[in-house]
>>> print(open('data-v6.cif').read())   # mmCIF, C-alpha atoms
data_structure
#
loop_
_atom_site.label_atom_id
_atom_site.label_comp_id
_atom_site.auth_asym_id
_atom_site.auth_seq_id
_atom_site.Cartn_x
_atom_site.Cartn_y
_atom_site.Cartn_z
CA MET A 1231 7.87 7.46 33.85
CA VAL A 1232 4.79 9.14 35.34
CA ALA A 1233 3.54 10.10 31.89
CA GLY A 1234 4.24 6.54 30.76
CA GLY A 1235 2.35 5.17 33.75
CA LEU A 1236 -0.69 7.31 33.01
CA ALA A 1237 -0.61 6.43 29.34
CA GLY A 1238 -0.15 2.76 30.17
CA SER A 1239 -3.09 2.55 32.54
CA LEU A 1240 -5.40 4.51 30.24
CA GLY A 1241 -4.32 2.56 27.18
CA ALA A 1242 -4.70 -0.77 28.94
CA MET A 1243 -8.19 0.07 30.19
CA LEU A 1244 -9.48 1.39 26.87
CA GLY A 1245 -7.55 -0.67 24.34
CA ILE A 1246 -6.09 2.35 22.57
CA GLY A 1247 -2.40 1.87 23.23
CA GLY A 1248 -1.71 5.16 25.02
CA GLY A 1249 -0.09 7.20 22.25
CA ILE A 1250 -2.89 9.72 22.56
CA VAL A 1251 -1.48 10.72 25.96
CA LEU A 1252 2.21 10.22 25.32
CA VAL A 1253 2.78 12.11 22.09
CA PRO A 1254 1.23 15.41 23.29
CA ALA A 1255 2.90 15.00 26.70
CA MET A 1256 6.33 14.48 25.17
CA VAL A 1257 5.96 17.24 22.59
CA LEU A 1258 4.23 19.88 24.69
CA PHE A 1259 5.64 19.26 28.18
CA PHE A 1260 9.12 17.86 27.49
CA GLY A 1261 9.92 19.64 24.23
CA ILE A 1262 10.77 16.41 22.43
CA PRO A 1263 10.58 16.69 18.63
CA LEU A 1264 7.59 14.96 17.10
CA GLU A 1265 9.76 12.75 14.90
CA GLU A 1266 11.34 11.28 18.05
CA ALA A 1267 8.15 11.27 20.11
CA VAL A 1268 6.11 9.20 17.64
CA PRO A 1269 8.40 6.13 17.48
CA ALA A 1270 8.92 6.28 21.26
CA SER A 1271 5.17 6.42 21.73
CA LEU A 1272 4.68 3.47 19.38
CA MET A 1273 7.22 1.48 21.39
CA CYS A 1274 5.16 2.25 24.47
CA VAL A 1275 2.03 1.04 22.66
CA VAL A 1276 3.79 -2.29 22.07
CA ALA A 1277 4.84 -2.49 25.73
CA ASN A 1278 1.33 -1.63 26.84
CA SER A 1279 -0.17 -4.24 24.56
CA CYS A 1280 2.16 -7.00 25.78
CA ALA A 1281 1.72 -6.24 29.47
CA ALA A 1282 -2.04 -5.72 29.46
CA ALA A 1283 -2.92 -8.36 26.88
CA ALA A 1284 -1.10 -11.01 28.92
CA GLY A 1285 -3.62 -10.56 31.71
CA TYR A 1286 -6.58 -10.25 29.36
CA VAL A 1287 -5.70 -13.42 27.45
CA HIS A 1288 -5.09 -15.27 30.71
CA ASN A 1289 -8.52 -14.17 31.95
CA HIS A 1290 -10.12 -14.96 28.57
CA LEU A 1291 -11.17 -11.36 27.98
CA SER A 1292 -9.44 -11.08 24.61
CA ASP A 1293 -11.11 -12.75 21.66
CA ILE A 1294 -8.12 -14.28 19.92
CA ARG A 1295 -9.95 -15.47 16.81
CA LEU A 1296 -11.67 -12.16 16.26
CA GLY A 1297 -8.38 -10.37 16.86
CA LEU A 1298 -6.55 -12.48 14.29
CA THR A 1299 -9.25 -11.91 11.68
CA LEU A 1300 -9.32 -8.15 12.17
CA GLU A 1301 -5.52 -7.95 12.36
CA LEU A 1302 -5.30 -9.30 8.83
CA ALA A 1303 -7.68 -6.62 7.55
CA THR A 1304 -5.85 -3.92 9.53
CA VAL A 1305 -2.44 -4.81 8.12
CA MET A 1306 -3.87 -4.97 4.59
CA GLY A 1307 -5.42 -1.55 5.16
CA ALA A 1308 -2.14 -0.17 6.47
CA ILE A 1309 -0.30 -1.36 3.38
CA ALA A 1310 -3.03 0.07 1.15
CA GLY A 1311 -2.79 3.35 3.08
CA GLY A 1312 0.95 3.43 2.58
CA VAL A 1313 0.49 2.83 -1.14
CA VAL A 1314 -2.15 5.55 -1.63
CA ALA A 1315 -0.48 8.02 0.74
CA ALA A 1316 1.00 9.95 -2.15
CA MET A 1317 -2.37 10.22 -3.89
CA VAL A 1318 -4.56 11.59 -1.09
CA ALA A 1319 -4.39 14.74 0.99
CA PRO A 1320 -3.74 13.71 4.62
CA ALA A 1321 -5.35 16.93 5.85
CA MET A 1322 -8.66 16.02 4.22
CA VAL A 1323 -8.49 12.48 5.62
CA ALA A 1324 -7.73 13.94 9.06
CA VAL A 1325 -10.79 16.20 8.89
CA VAL A 1326 -13.06 13.31 7.86
CA PHE A 1327 -11.63 11.09 10.59
CA GLY A 1328 -11.92 13.91 13.11
CA LEU A 1329 -15.57 14.48 12.27
CA PHE A 1330 -16.27 10.76 12.48
CA THR A 1331 -14.61 10.37 15.89
CA LEU A 1332 -16.41 13.51 17.07
CA TYR A 1333 -19.73 11.97 16.04
CA VAL A 1334 -18.95 8.67 17.78
CA SER A 1335 -17.73 10.34 20.96
CA LEU A 1336 -20.74 12.66 21.18
CA GLN A 1337 -23.06 9.74 20.58
CA MET A 1338 -21.36 7.80 23.37
CA LEU A 1339 -21.46 10.79 25.72
CA LEU A 1340 -24.89 12.20 25.03
CA LEU A 1341 -27.10 9.40 23.81
CA ARG A 1342 -28.22 6.42 25.73
CA SER A 1343 -26.90 3.24 24.17
CA PRO A 1344 -29.64 1.54 22.14
CA ARG A 1345 -28.24 -1.80 23.17
CA ARG A 1346 -27.29 -3.03 26.59
CA GLU A 1347 -24.22 -5.07 27.29
CA PRO A 1348 -24.72 -8.83 27.64
CA ALA A 1349 -24.94 -10.24 31.14
CA THR A 1350 -21.56 -11.90 30.94
CA LEU A 1351 -18.53 -11.15 28.85
CA ASP A 1352 -18.65 -14.52 27.14
CA ASP A 1353 -22.34 -14.44 26.32
CA TYR A 1354 -21.97 -13.12 22.80
CA THR A 1355 -21.16 -14.03 19.25
CA PRO A 1356 -19.38 -11.50 17.03
CA MET A 1357 -21.77 -10.39 14.31
CA ASN A 1358 -21.43 -8.55 11.05
CA TYR A 1359 -17.96 -9.71 10.08
CA PRO A 1360 -18.05 -7.85 6.72
CA LEU A 1361 -18.49 -4.56 8.59
CA GLY A 1362 -15.76 -5.45 11.07
CA ILE A 1363 -13.30 -6.48 8.38
CA SER A 1364 -13.97 -3.47 6.17
CA GLY A 1365 -13.84 -1.14 9.20
CA SER A 1366 -10.52 -2.65 10.30
CA PHE A 1367 -9.20 -2.20 6.76
CA ILE A 1368 -10.13 1.49 6.97
CA ALA A 1369 -8.64 1.75 10.48
CA GLY A 1370 -5.38 0.28 9.20
CA GLY A 1371 -5.36 2.70 6.28
CA LEU A 1372 -6.01 5.65 8.57
CA SER A 1373 -3.29 4.59 10.98
CA SER A 1374 -0.88 4.49 8.08
CA LEU A 1375 -2.04 7.81 6.60
CA LEU A 1376 -2.47 9.80 9.81
CA GLY A 1377 -0.17 8.09 12.29
CA VAL A 1378 -3.09 7.51 14.65
CA GLY A 1379 -3.51 4.11 16.28
CA GLY A 1380 -6.39 1.94 15.17
CA GLY A 1381 -7.77 1.49 18.70
CA PRO A 1382 -10.09 4.53 18.74
CA LEU A 1383 -11.78 3.16 15.63
CA LYS A 1384 -11.64 -0.57 16.31
CA VAL A 1385 -13.12 -0.53 19.80
CA PRO A 1386 -16.39 1.19 18.72
CA LEU A 1387 -16.39 -0.92 15.59
CA MET A 1388 -16.28 -4.16 17.56
CA SER A 1389 -18.53 -2.91 20.33
CA TYR A 1390 -21.27 -1.28 18.25
CA GLY A 1391 -20.75 -2.78 14.81
CA MET A 1392 -20.06 -6.38 15.78
CA ARG A 1393 -21.98 -6.49 19.06
CA VAL A 1394 -18.95 -7.55 21.05
CA PRO A 1395 -19.07 -6.55 24.75
CA PHE A 1396 -17.17 -3.32 25.32
CA LYS A 1397 -14.61 -4.88 27.62
CA VAL A 1398 -13.90 -7.73 25.22
CA ALA A 1399 -13.60 -5.20 22.38
CA SER A 1400 -11.19 -3.14 24.45
CA ALA A 1401 -9.10 -6.16 25.47
CA THR A 1402 -9.05 -7.50 21.91
CA SER A 1403 -8.05 -4.12 20.51
CA ASN A 1404 -5.29 -3.93 23.11
CA MET A 1405 -3.94 -7.25 21.91
CA MET A 1406 -4.14 -6.17 18.26
CA VAL A 1407 -2.38 -2.82 18.53
CA GLY A 1408 0.83 -4.52 19.68
CA VAL A 1409 1.39 -6.31 16.39
CA THR A 1410 0.81 -3.30 14.15
CA GLY A 1411 2.72 -1.08 16.58
CA ALA A 1412 5.72 -3.43 16.48
CA ALA A 1413 5.75 -3.30 12.68
CA SER A 1414 5.63 0.50 12.76
CA VAL A 1415 8.45 0.72 15.31
CA ALA A 1416 10.52 -1.69 13.23
CA ALA A 1417 10.06 0.59 10.21
CA TYR A 1418 11.15 3.61 12.28
CA ALA A 1419 14.07 1.71 13.84
CA LEU A 1420 15.34 0.67 10.42
CA HIS A 1421 15.55 4.36 9.55
CA GLY A 1422 17.33 5.14 12.84
CA HIS A 1423 14.50 7.20 14.34
CA LEU A 1424 14.14 5.21 17.55
CA LYS A 1425 15.86 6.85 20.54
CA LEU A 1426 16.36 4.16 23.17
CA ALA A 1427 17.45 6.63 25.85
CA LEU A 1428 14.04 8.25 25.55
CA VAL A 1429 12.19 4.95 25.29
CA SER A 1430 13.68 3.29 28.40
CA PRO A 1431 11.99 5.28 31.20
CA LEU A 1432 8.78 5.54 29.20
CA VAL A 1433 8.52 1.79 28.70
CA VAL A 1434 9.16 1.12 32.38
CA GLY A 1435 6.38 3.54 33.29
CA VAL A 1436 4.04 2.14 30.68
CA LEU A 1437 4.60 -1.44 31.84
CA CYS A 1438 3.73 -0.47 35.42
CA GLY A 1439 0.71 1.53 34.23
CA ALA A 1440 -0.47 -1.26 31.96
CA TYR A 1441 -0.28 -3.73 34.83
CA VAL A 1442 -2.43 -1.47 36.99
CA GLY A 1443 -4.83 -0.69 34.13
CA GLY A 1444 -5.10 -4.35 33.23
CA ARG A 1445 -6.07 -5.20 36.82
CA LEU A 1446 -8.53 -2.32 37.04
CA MET A 1447 -10.35 -2.77 33.76
CA PRO A 1448 -12.26 -6.00 34.51
CA LYS A 1449 -13.50 -4.48 37.77
CA MET A 1450 -14.61 -1.13 36.38
CA PRO A 1451 -18.24 -0.62 35.33
CA THR A 1452 -18.62 -0.66 31.56
CA ALA A 1453 -20.51 2.64 31.63
CA VAL A 1454 -17.51 4.38 33.20
CA LEU A 1455 -15.14 2.87 30.63
CA LYS A 1456 -17.42 4.00 27.82
CA ARG A 1457 -17.50 7.57 29.14
CA LEU A 1458 -13.74 7.58 29.52
CA PHE A 1459 -13.40 6.22 26.00
CA ALA A 1460 -15.73 8.92 24.67
CA VAL A 1461 -13.60 11.62 26.31
CA VAL A 1462 -10.46 10.12 24.74
CA LEU A 1463 -12.25 10.04 21.37
CA LEU A 1464 -13.05 13.72 21.79
CA VAL A 1465 -9.35 14.42 22.30
CA VAL A 1466 -8.50 12.33 19.21
CA SER A 1467 -11.11 14.15 17.15
CA SER A 1468 -9.86 17.57 18.25
CA GLN A 1469 -6.30 16.53 17.38
CA MET A 1470 -7.41 15.31 13.97
CA LEU A 1471 -9.49 18.42 13.25
CA TRP A 1472 -6.58 20.58 14.34
CA LYS A 1473 -4.21 18.59 12.16
CA GLY A 1474 -6.61 18.71 9.24
CA GLY A 1475 -7.36 22.39 9.70
CA ALA A 1476 -3.73 23.33 9.84
CA GLY A 1477 -2.82 21.09 6.97
CA LEU A 1478 -0.10 19.38 8.93
CA TRP A 1479 0.06 18.49 12.61
CA PRO A 1480 3.84 18.93 13.16
CA SER A 1481 3.78 22.49 11.89
CA MET A 1482 1.06 23.30 14.41
CA VAL A 1483 3.04 21.85 17.27
CA LYS A 1484 6.17 23.73 16.34
CA MET B 1204 -26.15 -13.98 22.65
CA ALA B 1205 -25.37 -10.35 22.32
CA GLU B 1206 -28.30 -9.64 20.10
CA HIS B 1207 -30.63 -10.89 22.80
CA GLY B 1208 -28.77 -9.10 25.51
CA GLU B 1209 -31.51 -6.95 26.96
CA VAL B 1210 -30.10 -7.47 30.38
CA SER B 1211 -28.22 -5.24 32.74
CA GLU B 1212 -24.55 -5.11 33.66
CA PRO B 1213 -22.76 -8.13 35.05
CA ALA B 1214 -24.30 -9.91 37.94
CA SER B 1215 -22.03 -11.26 40.60
CA ALA B 1216 -24.05 -14.27 41.55
CA GLY B 1217 -22.77 -17.77 41.39
CA ALA B 1218 -19.27 -17.89 42.70
CA ASP B 1219 -18.83 -21.41 41.52
CA ALA B 1220 -20.58 -20.81 38.27
CA HIS B 1221 -19.62 -22.48 35.06
CA VAL B 1222 -17.76 -20.20 32.74
CA VAL B 1223 -16.87 -20.15 29.10
CA SER B 1224 -14.01 -18.12 27.74
CA ALA B 1225 -14.58 -15.29 25.30
CA ALA B 1226 -11.99 -16.85 23.06
CA VAL B 1227 -13.72 -20.17 23.19
CA MET B 1228 -17.14 -18.69 22.54
CA ALA B 1229 -15.80 -16.76 19.59
CA ASP B 1230 -15.26 -20.01 17.74
CA THR B 1231 -17.74 -19.62 14.95
CA HIS B 1232 -17.82 -23.32 14.27
CA GLY B 1233 -18.94 -24.04 17.78
CA ALA B 1234 -16.46 -26.85 17.89
CA HIS B 1235 -14.67 -25.57 20.95
CA ASN B 1236 -17.43 -24.17 23.03
CA THR B 1237 -16.61 -25.66 26.33
CA VAL B 1238 -17.53 -25.19 29.94
CA ASN B 1239 -14.92 -24.43 32.53
CA THR B 1240 -15.85 -25.53 36.00
CA ALA B 1241 -12.44 -25.82 37.56
CA ARG B 1242 -10.65 -22.55 36.99
CA SER B 1243 -13.24 -19.91 37.62
CA GLU B 1244 -11.37 -18.36 40.51
CA SER B 1245 -8.64 -17.13 38.22
CA LEU B 1246 -10.91 -15.44 35.74
CA ALA B 1247 -12.16 -11.89 35.56
CA PRO B 1248 -15.05 -11.22 37.97
CA GLU B 1249 -17.59 -10.75 35.24
CA VAL B 1250 -16.57 -13.93 33.54
CA ASP B 1251 -17.34 -15.74 36.77
CA ALA B 1252 -20.76 -14.29 36.95
CA GLU B 1253 -23.31 -16.62 35.48
CA PRO B 1254 -23.68 -20.12 34.20
CA ILE B 1255 -23.59 -20.39 30.46
CA THR B 1256 -25.55 -22.77 28.39
CA HIS B 1257 -24.93 -23.10 24.74
CA PRO B 1258 -27.03 -25.00 22.25
CA GLY B 1259 -25.53 -27.64 20.09
CA PHE B 1260 -23.34 -29.43 22.61
CA ASP B 1261 -23.23 -32.90 21.19
CA THR B 1262 -20.06 -34.17 22.81
CA THR B 1263 -19.51 -36.17 25.92
CA PRO B 1264 -18.39 -34.49 29.14
CA VAL B 1265 -14.96 -36.12 28.79
CA THR B 1266 -14.49 -34.69 25.29
CA ARG B 1267 -15.72 -31.33 26.44
CA ALA B 1268 -13.33 -31.36 29.36
CA ARG B 1269 -10.43 -32.25 27.06
CA ARG B 1270 -11.32 -29.42 24.68
CA ARG B 1271 -11.71 -27.03 27.59
CA ASP B 1272 -8.28 -27.96 28.89
CA LEU B 1273 -6.80 -27.46 25.42
CA ALA B 1274 -8.42 -24.04 25.07
CA VAL B 1275 -7.32 -22.92 28.54
CA ALA B 1276 -3.80 -24.26 28.00
CA GLY B 1277 -3.60 -22.46 24.65
CA ASP B 1278 -4.66 -19.14 26.15
CA ARG B 1279 -2.18 -19.60 28.96
CA TRP B 1280 0.67 -20.24 26.55
CA ILE B 1281 -0.17 -17.03 24.71
CA ALA B 1282 -0.38 -15.16 28.01
CA ARG B 1283 2.99 -16.60 29.06
CA VAL B 1284 4.62 -15.44 25.83
CA LEU B 1285 3.26 -11.92 26.28
CA ARG B 1286 4.05 -11.70 29.96
CA GLY B 1287 7.52 -13.19 29.53
CA GLY B 1288 8.38 -10.68 26.82
CA ALA B 1289 7.04 -7.74 28.79
CA VAL B 1290 8.70 -8.70 32.08
CA LEU B 1291 12.08 -9.57 30.55
CA SER B 1292 12.31 -6.47 28.39
CA GLY B 1293 11.03 -4.30 31.24
CA GLY B 1294 13.65 -5.81 33.54
CA MET B 1295 16.40 -5.11 31.00
CA PHE B 1296 15.25 -1.50 30.65
CA VAL B 1297 15.23 -1.11 34.44
CA VAL B 1298 18.76 -2.52 34.72
CA SER B 1299 19.92 -0.16 31.96
CA LEU B 1300 18.42 2.77 33.86
CA GLY B 1301 20.13 1.55 37.03
CA LEU B 1302 23.48 1.37 35.23
CA GLU B 1303 23.16 5.04 34.35
CA ALA B 1304 23.70 5.82 38.03
CA LEU B 1305 27.18 4.24 37.88
CA PRO B 1306 30.25 6.32 37.01
CA ARG B 1307 30.56 6.66 33.26
CA SER B 1308 33.00 4.34 31.58
CA GLU B 1309 33.27 2.60 28.25
CA GLU B 1310 32.12 -0.74 29.69
CA VAL B 1311 29.08 0.78 31.36
CA HIS B 1312 28.15 2.61 28.20
CA VAL B 1313 28.41 -0.56 26.13
CA ALA B 1314 26.41 -2.51 28.69
CA ILE B 1315 23.63 0.09 28.70
CA ASP B 1316 23.52 0.14 24.92
CA LEU B 1317 23.42 -3.63 24.65
CA LEU B 1318 20.74 -3.98 27.32
CA ARG B 1319 18.51 -1.38 25.66
CA LYS B 1320 18.90 -2.84 22.20
CA GLY B 1321 18.17 -6.30 23.55
CA ALA B 1322 15.15 -5.08 25.51
CA ALA B 1323 13.73 -3.19 22.54
CA SER B 1324 14.25 -6.15 20.22
CA LEU B 1325 12.62 -8.50 22.70
CA LEU B 1326 9.66 -6.18 23.10
CA LEU B 1327 9.18 -5.91 19.35
CA VAL B 1328 9.41 -9.65 18.84
CA THR B 1329 6.90 -10.44 21.61
CA PRO B 1330 3.63 -9.52 19.79
CA VAL B 1331 4.89 -11.23 16.66
CA ALA B 1332 5.68 -14.34 18.69
CA ARG B 1333 2.20 -14.12 20.21
CA LEU B 1334 0.75 -14.10 16.74
CA ALA B 1335 2.82 -17.11 15.72
CA VAL B 1336 1.95 -19.02 18.91
CA ALA B 1337 -1.77 -18.25 18.53
CA GLY B 1338 -1.75 -19.40 14.91
CA THR B 1339 0.16 -22.56 15.76
CA LEU B 1340 -2.03 -23.45 18.73
CA LEU B 1341 -5.24 -22.90 16.80
CA GLY B 1342 -3.82 -24.98 13.96
CA LEU B 1343 -3.02 -27.79 16.38
CA LYS B 1344 -6.67 -27.69 17.44
CA GLY B 1345 -7.71 -28.11 13.83
CA GLU B 1346 -8.62 -24.51 13.15
CA TRP B 1347 -6.32 -24.12 10.18
CA ARG B 1348 -8.17 -21.05 8.94
CA TYR B 1349 -6.68 -19.03 11.79
CA THR B 1350 -3.23 -20.49 11.17
CA VAL B 1351 -3.45 -19.26 7.59
CA ILE B 1352 -4.68 -15.86 8.81
CA ALA B 1353 -1.81 -15.58 11.31
CA ALA B 1354 0.68 -16.56 8.61
CA GLY B 1355 -0.88 -13.99 6.30
CA VAL B 1356 -0.58 -11.26 8.94
CA LEU B 1357 3.08 -12.16 9.56
CA GLY B 1358 3.82 -12.14 5.84
CA LEU B 1359 2.09 -8.81 5.29
CA LEU B 1360 3.89 -7.30 8.27
CA ALA B 1361 7.20 -8.41 6.80
CA ILE B 1362 6.24 -6.71 3.53
CA ALA B 1363 5.15 -3.56 5.39
CA VAL B 1364 8.38 -3.37 7.39
CA GLY B 1365 10.45 -4.07 4.29
CA ALA B 1366 8.66 -1.33 2.40
CA GLY B 1367 9.01 1.08 5.32
CA ILE B 1368 5.24 1.41 5.75
CA GLN B 1369 4.13 2.25 9.27
CA ALA B 1370 1.38 -0.28 9.86
#
>>> encode(input="data-v6.cif", output="structure tokens")
Amino acid sequence: MVAGGLAGSLGAMLGIGGGIVLVPAMVLFFGIPLEEAVPASLMCVVANSCAAAAGYVHNHLSDIRLGLTLELATVMGAIAGGVVAAMVAPAMVAVVFGLFTLYVSLQMLLLRSPRREPATLDDYTPMNYPLGISGSFIAGGLSSLLGVGGGPLKVPLMSYGMRVPFKVASATSNMMVGVTGAASVAAYALHGHLKLALVSPLVVGVLCGAYVGGRLMPKMPTAVLKRLFAVVLLVVSSQMLWKGGAGLWPSMVK
Amino acid sequence: MAEHGEVSEPASAGADAHVVSAAVMADTHGAHNTVNTARSESLAPEVDAEPITHPGFDTTPVTRARRRDLAVAGDRWIARVLRGGAVLSGGMFVVSLGLEALPRSEEVHVAIDLLRKGAASLLLVTPVARLAVAGTLLGLKGEWRYTVIAAGVLGLLAIAVGAGIQA
């Protein structure tokens, strides 16, 4: 429950779902097999998305139209990723993704943003839809190929590529990850890989954490959120580089 | 606009400022860009911050107010769907955890199993229902493009689940 709470609050604040915290915590600290940890973590992503997005939509932080548009591209990308999965080497994709997230995280940590956030969270118009749609397509493909959520890619894409305020990007990403997460969990559940005894305490913790994170996020300075996001991206990139370097992430864990 | 945003982080001036929702402003047609003067206290602090002016308002205040109410009501319906799903499924999971403290019997075991399956199903259906509600509400406001997009997402998700692809 504590791990779920931490993952929930972090995921709600940054729009990444929380799997980045939960999967390593379950595998490394609780000795849960990866094949059980991943669907449980995805279920928590759905719970996090529902709980946090409710507040964000109510407060008009989530951009529903942008979210719908990018969701379509993400799902198409996920299906394309599933189709080409047999033709590409996941380790190579993981290395490329790891290097990309490393670049983005270092840029966020070390360089001063060339663009400042707008004065208010509604004072913007999403730009560069072709980039956003193609980036979401790639994010969907990567999530299907690598089992990594699309949040770490979609938040910078919306924030830097489409000039959406960081908090709106985070809230919109949070809303989006629920739909794709639910589809993934359904696929796992149909194959009997979802352990509800494991999911129950995690979801309760995540719901509490998401409520807290959802209340905190609008009040936190954007600069702090960006730094936190960059640190999380660093963790994602190290995981991906590790996974790519080893050839397969589960064999490294075991 | 964001591209002109050479300004610093959110100001907190103007407690009774006019506000426009992010969702409303994201309307690329500009047909639903409305000003909310009545509900600012419930919004995020930064959304309350400054008055917004937007070019191209060619409707009367009454029309604008009606559109604003529609947009706010739509967002609230989506929020209700999400919150309802999260709270109900969370409650069912909590009850199932509470039942584990009872002495083990066949009835308790069945009840726990049923509660967990119901909670998980409800949680999985909630984001899909949100998608359907968002598409329907935007369609009712005349934005059929988003209804088609939402329907497309739902259809593709059904294909992905059917094919066993983890979207």
>>> residues_near_point(input="data-v6.cif", point="(1.0, -16.8, 8.0)", cutoff="12 Å", atoms="only C-alpha atoms", output="PyMOL selection string")
(chain A and resi 1298-1299+1301-1302) or (chain B and resi 1331-1332+1334-1339+1342+1347-1361)
>>> interface_residues(input="data-v6.cif", of="chain A", to="chain B", cutoff="7 Å", atoms="only C-alpha atoms", output="PyMOL selection string")
chain A and resi 1277+1280-1281+1284-1285+1287-1295+1298-1299+1301-1302+1305+1308-1309+1312+1346-1356+1370+1373-1374+1393+1408-1414+1416-1417+1426+1430+1434+1448-1449
>>> atom_distance(input="data-v6.cif", atom1="CA of Leu1336 in chain A", atom2="CA of Ala1460 in chain A")
7.2 Å
>>> residues_around(input="data-v6.cif", residues="Ile1368 in chain A", least_positions_apart="5", cutoff="9 Å", atoms="all atoms listed in the file", output="list in words")
Ala1303, Thr1304, Gly1307, Ala1308, Gly1311, Ile1363, Ser1373 and Leu1383 of chain A
>>> atom_distance(input="data-v6.cif", atom1="CA of Gly1380 in chain A", atom2="CA of Met1357 in chain A")
19.7 Å
>>> closest_residue(input="data-v6.cif", among="A:Gly1422, A:Pro1451, A:Pro1254, A:Pro1395", to="Gly1234 in chain A", atoms="only C-alpha atoms")
A:Pro1254
>>> closest_residue(input="data-v6.cif", among="A:Leu1458, A:Ala1427, A:Leu1296, A:Ala1242", to="Ser1335 in chain A", atoms="all atoms listed in the file")
A:Leu1458
>>> residues_around(input="data-v6.cif", residues="Ala1270 in chain A", least_positions_apart="5", cutoff="8 Å", atoms="only C-alpha atoms", output="compact mmCIF listing (two decimals) with C-alpha atoms, in the frame of the given file")
# COMPACT_ATOMS: atom_id res chain seq x y z
CA LEU A 1424 14.14 5.21 17.55
CA LYS A 1425 15.86 6.85 20.54
CA LEU A 1426 16.36 4.16 23.17
CA LEU A 1428 14.04 8.25 25.55
CA VAL A 1429 12.19 4.95 25.29
CA LEU A 1432 8.78 5.54 29.20
>>> resolve_selection(input="data-v6.cif", expression="the PyMOL selection byres ((chain A and resi 1470) around 10)", output="list in words")
Ala1321, Met1322, Val1323, Ala1324, Val1325, Val1326, Phe1327, Gly1328, Leu1329, Thr1331, Leu1332, Leu1376, Val1378, Leu1464, Val1465, Val1466, Ser1467, Ser1468, Gln1469, Leu1471, Trp1472, Lys1473, Gly1474, Gly1475, Ala1476, Leu1478 and Trp1479 of chain A
>>> atom_distance(input="data-v6.cif", atom1="CA of Gly1247 in chain A", atom2="CA of Glu1266 in chain A")
17.4 Å
>>> axis_aligned_box(input="data-v6.cif", around="range 1274-1285 of chain B", padding_each_side="3 Å", output="lines of an AutoDock Vina configuration file")
center_x = -1.9
center_y = -18.1
center_z = 26.9
size_x = 19.0
size_y = 18.3
size_z = 10.4
>>> closest_residue(input="data-v6.cif", among="A:Ser1271, A:Leu1375, A:Phe1367, A:Tyr1333", to="Met1317 in chain A", atoms="all atoms listed in the file")
A:Leu1375
>>> resolve_selection(input="data-v6.cif", expression="the PyMOL selection byres ((chain A and resi 1235) around 10)", output="ChimeraX atom specification")
/A:1231-1234,1236-1241,1248,1252,1278,1431-1443
